[in-house]
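Please read the structure below before turning to the comments.
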Number of protein chains: 2
Amino acid sequence: MHTQAVEDYLKAIFDLARVDEVVTTSAIAERLGVTSASVTGMAKKLAGMNLVTHEPYRGVALTQAGQRIALEVIRHHRLIETYLHEALGVPWDRVHAEAEKIEHVLSEDLEARMDAALGHPTVDPHGSPIPTLDLEIAETDATPLTGLRAGQRGTVAEVSDHDADLLRYVGDLGLYPRTPIVVVAVAPFDGPITVRVGAAERTVGRKAAQYIFMTDIEES
Amino acid sequence: MHTQAVEDYLKAIFDLARVDEVVTTSAIAERLGVTSASVTGMAKKLAGMNLVTHEPYRGVALTQAGQRIALEVIRHHRLIETYLHEALGVPWDRVHAEAEKIEHVLSEDLEARMDAALGHPTVDPHGSPIPTLDLEIAETDATPLTGLRAGQRGTVAEVSDHDADLLRYVGDLGLYPRTPIVVVAVAPFDGPITVRVGAAERTVGRKAAQYIFMTDIEES
DNA sequence: GAGTTGATTTAGGCGGGCCTAATAATCAGA
DNA sequence: TCTGATTATTAGGCCCGCCTAAATCAACTC
């Protein structure tokens with residue numbers, strides 16, 4: 001078993017690596033709310049454990065072993081989120097924070113029981129894919145809502161869970177995963193996007209739209 | 001919020017205090033699997049936080065504030081045990097170990113949700129009382145099975161959860177809380193106790209019988 | 001190609017919680 | 001009441017994960 005700090009670092013590096021392939025110390029530092037100096041120290045330690053490769057001044061990357069642990073933690077995290085949402089009715093803007101704490105103390109047995117109770121779900125309440133038991137994770141090919149033009153329709157696939165306020169806002173708009181919407185208008189100069197959700201029309205700010213990912217996009 | 005170590009110490013002191021009123025450093029040390037020297041250090045720290053009174057060489061006792069925290073942790077612990085057992089089917093000999101880990105990261109919100117989902121239970125799977133939301137705990141006046149004579153009947157009230165093997169053994173015998181039994185025979189010289197459970201007769205070793213607590217005792 | 005700037009790493013420290021070894025207090029028995 | 005055995009406490013250290021301040025490297029500008 002690894003310490004909570006080790007698990008948190010690996011998860012953060014994994015997440016950051018899907019955006020920028022080279023993961024800088026400062027990015028990790030910001031993500032975890034620690035100083036870069038602390039990250040350097042931990043990077044050395046993780047490199048010593050062969051969970052990470054670290055080229056000084058050049059950034060870090062997960063090794064095979066490191067990625068494996070990251071995926072285990074992410075599986076824990078997303079299963080817990082899903083369980084809390086489905087079984088205990090925790091609203092989707094709060095499941096992330098709860099899961100952050102529980103993911104580090106979840107036994108394999110409990111994970112399996114939650115997984116079974118949920119019927120082996122494949123996505124969490126934010127639409128993020130849950131790694132399978134053998135740690136395969138579905139690639140997500142969704143495009144941000146900001147990439148759609150007026151007249152296109154699509155389905156909400158995933159909403160980033162990095163900010164609880166964002167989730168509350170997006171939830172208030174009714175834009176949960178699996179919701180079909182139509183883009184009515186896109187205001188110029190990075191203005192807001194108007195969409196039809198069911199019978200209602202809703203206006204989504206640009207900033208929020210960046211974090212809403214769409215699939216099944218087609219002209220209408 | 002307190003550290004996990006602080007919570008563990010307070011819980012251990014609370015538990016030990018119901019058996020021996022004066023709680024010695026070595027008793028705590030044994031319970032927590034640390035050295036007495038470590039306990040002395042922590043005792044000083046807890047005394048500084050006004051959670052405990054510490055008379056050097058004389059033992060420690062919880063203050064009002066310390067007891068309050070202990071009861072909060074115990075409520076968490078027992079609710080989690082109950083939830084895992086009822087909702088996820090975790091066998092009763094394993095719920096303790098799982099709860100030990102989760103109790104330190106459980107939010108009040110989640111606690112309330114679990115409590116509601118269970119219908120506000122009053123005892124955990126081992127028959128131990130769950131402190132109420134305002135931290136009242138029912139006094140248990142049960143007597144150990146070793147205190148019964150042949151011919152008496154009674155109901156299993158509580159089984160100590162300190163040892164998973166014991167629980168597995170007692171479970172195999174069918175002696176779960178709320179089970180009515182009749183004492184058929186008590187072998188002399190601290191020998192085993194034979195009881196009737198439903199239609200079956202079972203023999204319980206003396207050691208195990210010490211940890212099985214009975215209520216509603218009457219002659220039959 | 002030298003300087004400036006910003007990111008990164010090193011150096012040194014701190015608190016938490018644990019340890020071992022040495023010392024001190026208590027208790028029980030002669 | 002003295003003494004030896006038992007139990008507690010002190011003293012000194014270690015590891016983890018974090019910090020600040022100082023030094024170093026990379027990259028870009030001129």
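Scheme for the structure tokens: letters A, B, ... for chains in order shown; per-chain residue numbers from 1; ligand numbers from 1 in order shown.
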**Message:** Taking only C-alpha atoms into account, find every residue of chain A that has an atom no more than 7 Å from chain B, and write it out as a list in words.
**Reply:** Leu88, Lys101, Ile102, Val105 and Arg113 of chain A
**Request:** For chain D, work out the contacting residues on chain A at 9 Å, counting only C-alpha atoms (C1' of nucleotides), and write them as a ChimeraX atom specification.
**Result:** /A:5,34-35,37-38,42,57
**Request:** Write out as a PyMOL selection string every residue belonging to chain A that has an atom at most 10 Å from any atom of chain C, counting only C-alpha atoms (C1' of nucleotides).
**Result:** chain A and resi 24-26+36-37+40-41+56-59
**Item:** Who sits within 9 Å of B:Lys11, only C-alpha atoms (C1' of nucleotides), same chain under 2 positions skipped, as a list in words
**Value:** Val6, Glu7, Asp8, Tyr9, Ile13, Phe14, Asp15, Leu16, Gln67, Ile69, Ala70, Leu71, Val73 and Ile74 of chain B
Would you save the residues from that selection as a PDB file, in the first residue's frame, using N, CA and C atoms?
```pdb
ATOM      1  N   VAL B   6      -5.191  11.171  16.847  1.00  0.00           N
ATOM      2  CA  VAL B   6      -5.921  11.725  17.992  1.00  0.00           C
ATOM      3  C   VAL B   6      -7.248  11.000  18.168  1.00  0.00           C
ATOM      4  N   GLU B   7      -7.960  10.825  17.084  1.00  0.00           N
ATOM      5  CA  GLU B   7      -9.252  10.146  17.168  1.00  0.00           C
ATOM      6  C   GLU B   7      -9.098   8.707  17.652  1.00  0.00           C
ATOM      7  N   ASP B   8      -8.069   8.042  17.175  1.00  0.00           N
ATOM      8  CA  ASP B   8      -7.858   6.654  17.585  1.00  0.00           C
ATOM      9  C   ASP B   8      -7.552   6.547  19.073  1.00  0.00           C
ATOM     10  N   TYR B   9      -6.738   7.459  19.560  1.00  0.00           N
ATOM     11  CA  TYR B   9      -6.414   7.437  20.991  1.00  0.00           C
ATOM     12  C   TYR B   9      -7.655   7.680  21.827  1.00  0.00           C
ATOM     13  N   ILE B  13      -9.229   5.108  24.555  1.00  0.00           N
ATOM     14  CA  ILE B  13      -9.356   5.459  25.969  1.00  0.00           C
ATOM     15  C   ILE B  13     -10.805   5.301  26.420  1.00  0.00           C
ATOM     16  N   PHE B  14     -11.716   5.731  25.590  1.00  0.00           N
ATOM     17  CA  PHE B  14     -13.136   5.600  25.933  1.00  0.00           C
ATOM     18  C   PHE B  14     -13.491   4.130  26.152  1.00  0.00           C
ATOM     19  N   ASP B  15     -13.076   3.301  25.225  1.00  0.00           N
ATOM     20  CA  ASP B  15     -13.397   1.876  25.312  1.00  0.00           C
ATOM     21  C   ASP B  15     -12.795   1.252  26.565  1.00  0.00           C
ATOM     22  N   LEU B  16     -11.529   1.556  26.806  1.00  0.00           N
ATOM     23  CA  LEU B  16     -10.851   0.959  27.950  1.00  0.00           C
ATOM     24  C   LEU B  16     -11.457   1.445  29.266  1.00  0.00           C
ATOM     25  N   GLN B  67     -14.435  13.088  25.548  1.00  0.00           N
ATOM     26  CA  GLN B  67     -15.480  12.076  25.446  1.00  0.00           C
ATOM     27  C   GLN B  67     -16.405  12.370  24.272  1.00  0.00           C
ATOM     28  N   ILE B  69     -15.685  13.809  21.470  1.00  0.00           N
ATOM     29  CA  ILE B  69     -15.065  13.385  20.211  1.00  0.00           C
ATOM     30  C   ILE B  69     -15.059  11.872  20.088  1.00  0.00           C
ATOM     31  N   ALA B  70     -14.763  11.200  21.198  1.00  0.00           N
ATOM     32  CA  ALA B  70     -14.767   9.739  21.168  1.00  0.00           C
ATOM     33  C   ALA B  70     -16.132   9.226  20.716  1.00  0.00           C
ATOM     34  N   LEU B  71     -17.180   9.825  21.252  1.00  0.00           N
ATOM     35  CA  LEU B  71     -18.523   9.364  20.896  1.00  0.00           C
ATOM     36  C   LEU B  71     -18.855   9.662  19.437  1.00  0.00           C
ATOM     37  N   VAL B  73     -16.693   9.657  17.026  1.00  0.00           N
ATOM     38  CA  VAL B  73     -15.992   8.648  16.238  1.00  0.00           C
ATOM     39  C   VAL B  73     -16.694   7.305  16.344  1.00  0.00           C
ATOM     40  N   ILE B  74     -17.158   6.974  17.539  1.00  0.00           N
ATOM     41  CA  ILE B  74     -17.836   5.692  17.726  1.00  0.00           C
ATOM     42  C   ILE B  74     -19.147   5.672  16.938  1.00  0.00           C
TER      43      ILE B  74
END
```
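Each of B:Ile28, B:Val19, B:Ile193, B:Leu135 was compared to B:Ile212 using only C-alpha atoms, and B:Ile193 turns out to be the nearest.
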**Request:** Mind listing the strand (DSSP E) residues of chain A, per DSSP on the backbone, as an NGL selection string?
**Result:** :A and (52-55 or 59-62 or 143-144 or 152-159 or 180-186 or 193-197 or 200-204 or 212-219)
File dump, residues just selected, N, CA and C atoms, as a compact mmCIF listing (two decimals), in the first residue's frame:
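Output file result_2.txt follows:
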```
# COMPACT_ATOMS: atom_id res chain seq x y z
N VAL A 52 7.62 6.86 -11.60
CA VAL A 52 7.67 8.07 -12.38
C VAL A 52 9.07 8.22 -12.96
N THR A 53 9.19 8.82 -14.12
CA THR A 53 10.52 9.21 -14.58
C THR A 53 10.62 10.72 -14.42
N HIS A 54 11.77 11.15 -14.01
CA HIS A 54 11.93 12.57 -13.73
C HIS A 54 13.22 13.09 -14.34
N GLU A 55 13.08 13.91 -15.37
CA GLU A 55 14.24 14.56 -15.96
C GLU A 55 14.32 15.96 -15.35
N GLY A 59 10.45 17.97 -16.36
CA GLY A 59 9.12 17.44 -16.09
C GLY A 59 9.13 15.96 -15.73
N VAL A 60 7.95 15.46 -15.44
CA VAL A 60 7.83 14.07 -15.01
C VAL A 60 6.82 13.34 -15.90
N ALA A 61 6.92 12.02 -15.91
CA ALA A 61 5.96 11.18 -16.63
C ALA A 61 5.78 9.89 -15.87
N LEU A 62 4.60 9.33 -15.92
CA LEU A 62 4.33 8.09 -15.21
C LEU A 62 5.01 6.92 -15.89
N THR A 143 -15.99 16.52 -27.78
CA THR A 143 -15.50 17.88 -28.05
C THR A 143 -16.23 18.86 -27.14
N PRO A 144 -15.51 19.90 -26.70
CA PRO A 144 -16.15 20.87 -25.82
C PRO A 144 -17.32 21.57 -26.52
N GLN A 152 -26.21 22.88 -34.75
CA GLN A 152 -25.80 21.51 -34.47
C GLN A 152 -26.51 20.98 -33.23
N ARG A 153 -26.69 19.66 -33.23
CA ARG A 153 -27.24 19.02 -32.03
C ARG A 153 -26.25 18.00 -31.52
N GLY A 154 -26.43 17.61 -30.29
CA GLY A 154 -25.52 16.62 -29.71
C GLY A 154 -25.98 16.22 -28.32
N THR A 155 -25.19 15.39 -27.71
CA THR A 155 -25.54 14.89 -26.38
C THR A 155 -24.41 15.24 -25.41
N VAL A 156 -24.78 15.72 -24.23
CA VAL A 156 -23.77 15.99 -23.21
C VAL A 156 -23.13 14.67 -22.81
N ALA A 157 -21.81 14.60 -22.88
CA ALA A 157 -21.12 13.36 -22.55
C ALA A 157 -20.47 13.44 -21.18
N GLU A 158 -19.88 14.58 -20.89
CA GLU A 158 -19.05 14.66 -19.69
C GLU A 158 -18.92 16.12 -19.26
N VAL A 159 -18.89 16.34 -17.96
CA VAL A 159 -18.66 17.67 -17.42
C VAL A 159 -17.49 17.57 -16.45
N PRO A 180 -29.69 15.33 -24.38
CA PRO A 180 -29.56 15.82 -25.76
C PRO A 180 -29.88 17.32 -25.81
N ILE A 181 -29.10 18.06 -26.55
CA ILE A 181 -29.35 19.49 -26.67
C ILE A 181 -29.15 19.94 -28.11
N VAL A 182 -29.67 21.11 -28.41
CA VAL A 182 -29.49 21.72 -29.73
C VAL A 182 -28.87 23.10 -29.52
N VAL A 183 -27.84 23.41 -30.31
CA VAL A 183 -27.23 24.73 -30.21
C VAL A 183 -28.07 25.71 -31.03
N VAL A 184 -28.62 26.69 -30.34
CA VAL A 184 -29.50 27.66 -31.00
C VAL A 184 -28.68 28.81 -31.55
N ALA A 185 -27.77 29.31 -30.76
CA ALA A 185 -26.97 30.45 -31.21
C ALA A 185 -25.63 30.48 -30.48
N VAL A 186 -24.63 31.01 -31.20
CA VAL A 186 -23.33 31.20 -30.58
C VAL A 186 -22.98 32.66 -30.75
N ILE A 193 -23.26 30.83 -25.31
CA ILE A 193 -23.86 29.89 -26.23
C ILE A 193 -25.28 29.60 -25.76
N THR A 194 -26.23 29.72 -26.67
CA THR A 194 -27.61 29.44 -26.30
C THR A 194 -27.99 28.06 -26.81
N VAL A 195 -28.54 27.25 -25.94
CA VAL A 195 -28.90 25.89 -26.32
C VAL A 195 -30.35 25.60 -25.94
N ARG A 196 -30.96 24.63 -26.63
CA ARG A 196 -32.28 24.19 -26.25
C ARG A 196 -32.14 22.86 -25.52
N VAL A 197 -32.68 22.82 -24.32
CA VAL A 197 -32.66 21.60 -23.50
C VAL A 197 -34.10 21.21 -23.30
N ALA A 200 -36.89 23.98 -23.03
CA ALA A 200 -36.37 25.25 -22.54
C ALA A 200 -35.14 25.71 -23.31
N GLU A 201 -34.93 27.01 -23.31
CA GLU A 201 -33.70 27.57 -23.88
C GLU A 201 -32.82 28.08 -22.75
N ARG A 202 -31.55 27.77 -22.85
CA ARG A 202 -30.63 28.14 -21.79
C ARG A 202 -29.40 28.78 -22.39
N THR A 203 -28.84 29.75 -21.66
CA THR A 203 -27.62 30.41 -22.12
C THR A 203 -26.45 29.98 -21.24
N VAL A 204 -25.41 29.53 -21.91
CA VAL A 204 -24.25 29.00 -21.18
C VAL A 204 -23.06 29.91 -21.41
N ILE A 212 -17.82 21.54 -20.75
CA ILE A 212 -18.93 20.63 -21.07
C ILE A 212 -18.58 19.93 -22.38
N PHE A 213 -18.49 18.61 -22.34
CA PHE A 213 -18.03 17.86 -23.51
C PHE A 213 -19.18 17.12 -24.17
N MET A 214 -19.18 17.18 -25.50
CA MET A 214 -20.33 16.69 -26.29
C MET A 214 -19.94 15.52 -27.18
N THR A 215 -20.94 14.64 -27.41
CA THR A 215 -20.78 13.57 -28.42
C THR A 215 -22.01 13.55 -29.32
N ASP A 216 -21.97 12.61 -30.26
CA ASP A 216 -23.10 12.43 -31.19
C ASP A 216 -23.49 13.75 -31.84
N ILE A 217 -22.50 14.48 -32.29
CA ILE A 217 -22.78 15.78 -32.87
C ILE A 217 -23.25 15.63 -34.31
N GLU A 218 -24.35 16.28 -34.66
CA GLU A 218 -24.81 16.25 -36.06
C GLU A 218 -25.56 17.54 -36.38
N GLU A 219 -25.65 17.78 -37.68
CA GLU A 219 -26.41 18.96 -38.13
C GLU A 219 -27.89 18.69 -37.89
```
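As for atom CA of A:Val123 and atom CA of A:Asp141, they are spaced 14.1 Å apart.
The two atoms in question, atom CA of A:Gly147 and atom CA of A:Glu21, are spaced 21.9 Å apart.
Between atom CA of A:Thr63 and atom CA of A:Arg18 the interatomic distance comes to 14.4 Å.
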**Message:** Taking 2 positions as the minimum chain separation for residues in the same chain, which residues sit within 10 Å of A:Pro129 when counting only C-alpha atoms (C1' of nucleotides)? Answer as a PyMOL selection string.
**Reply:** chain A and resi 74-75+78-79+121-127+131-132+136-140+158
**Request:** Might you pull out every residue within 10 Å of A:Asn50, with only C-alpha atoms (C1' of nucleotides) counted and same-chain residues fewer than 5 positions away left off, and present them as a PyMOL selection string?
**Result:** chain A and resi 44-45+62-66
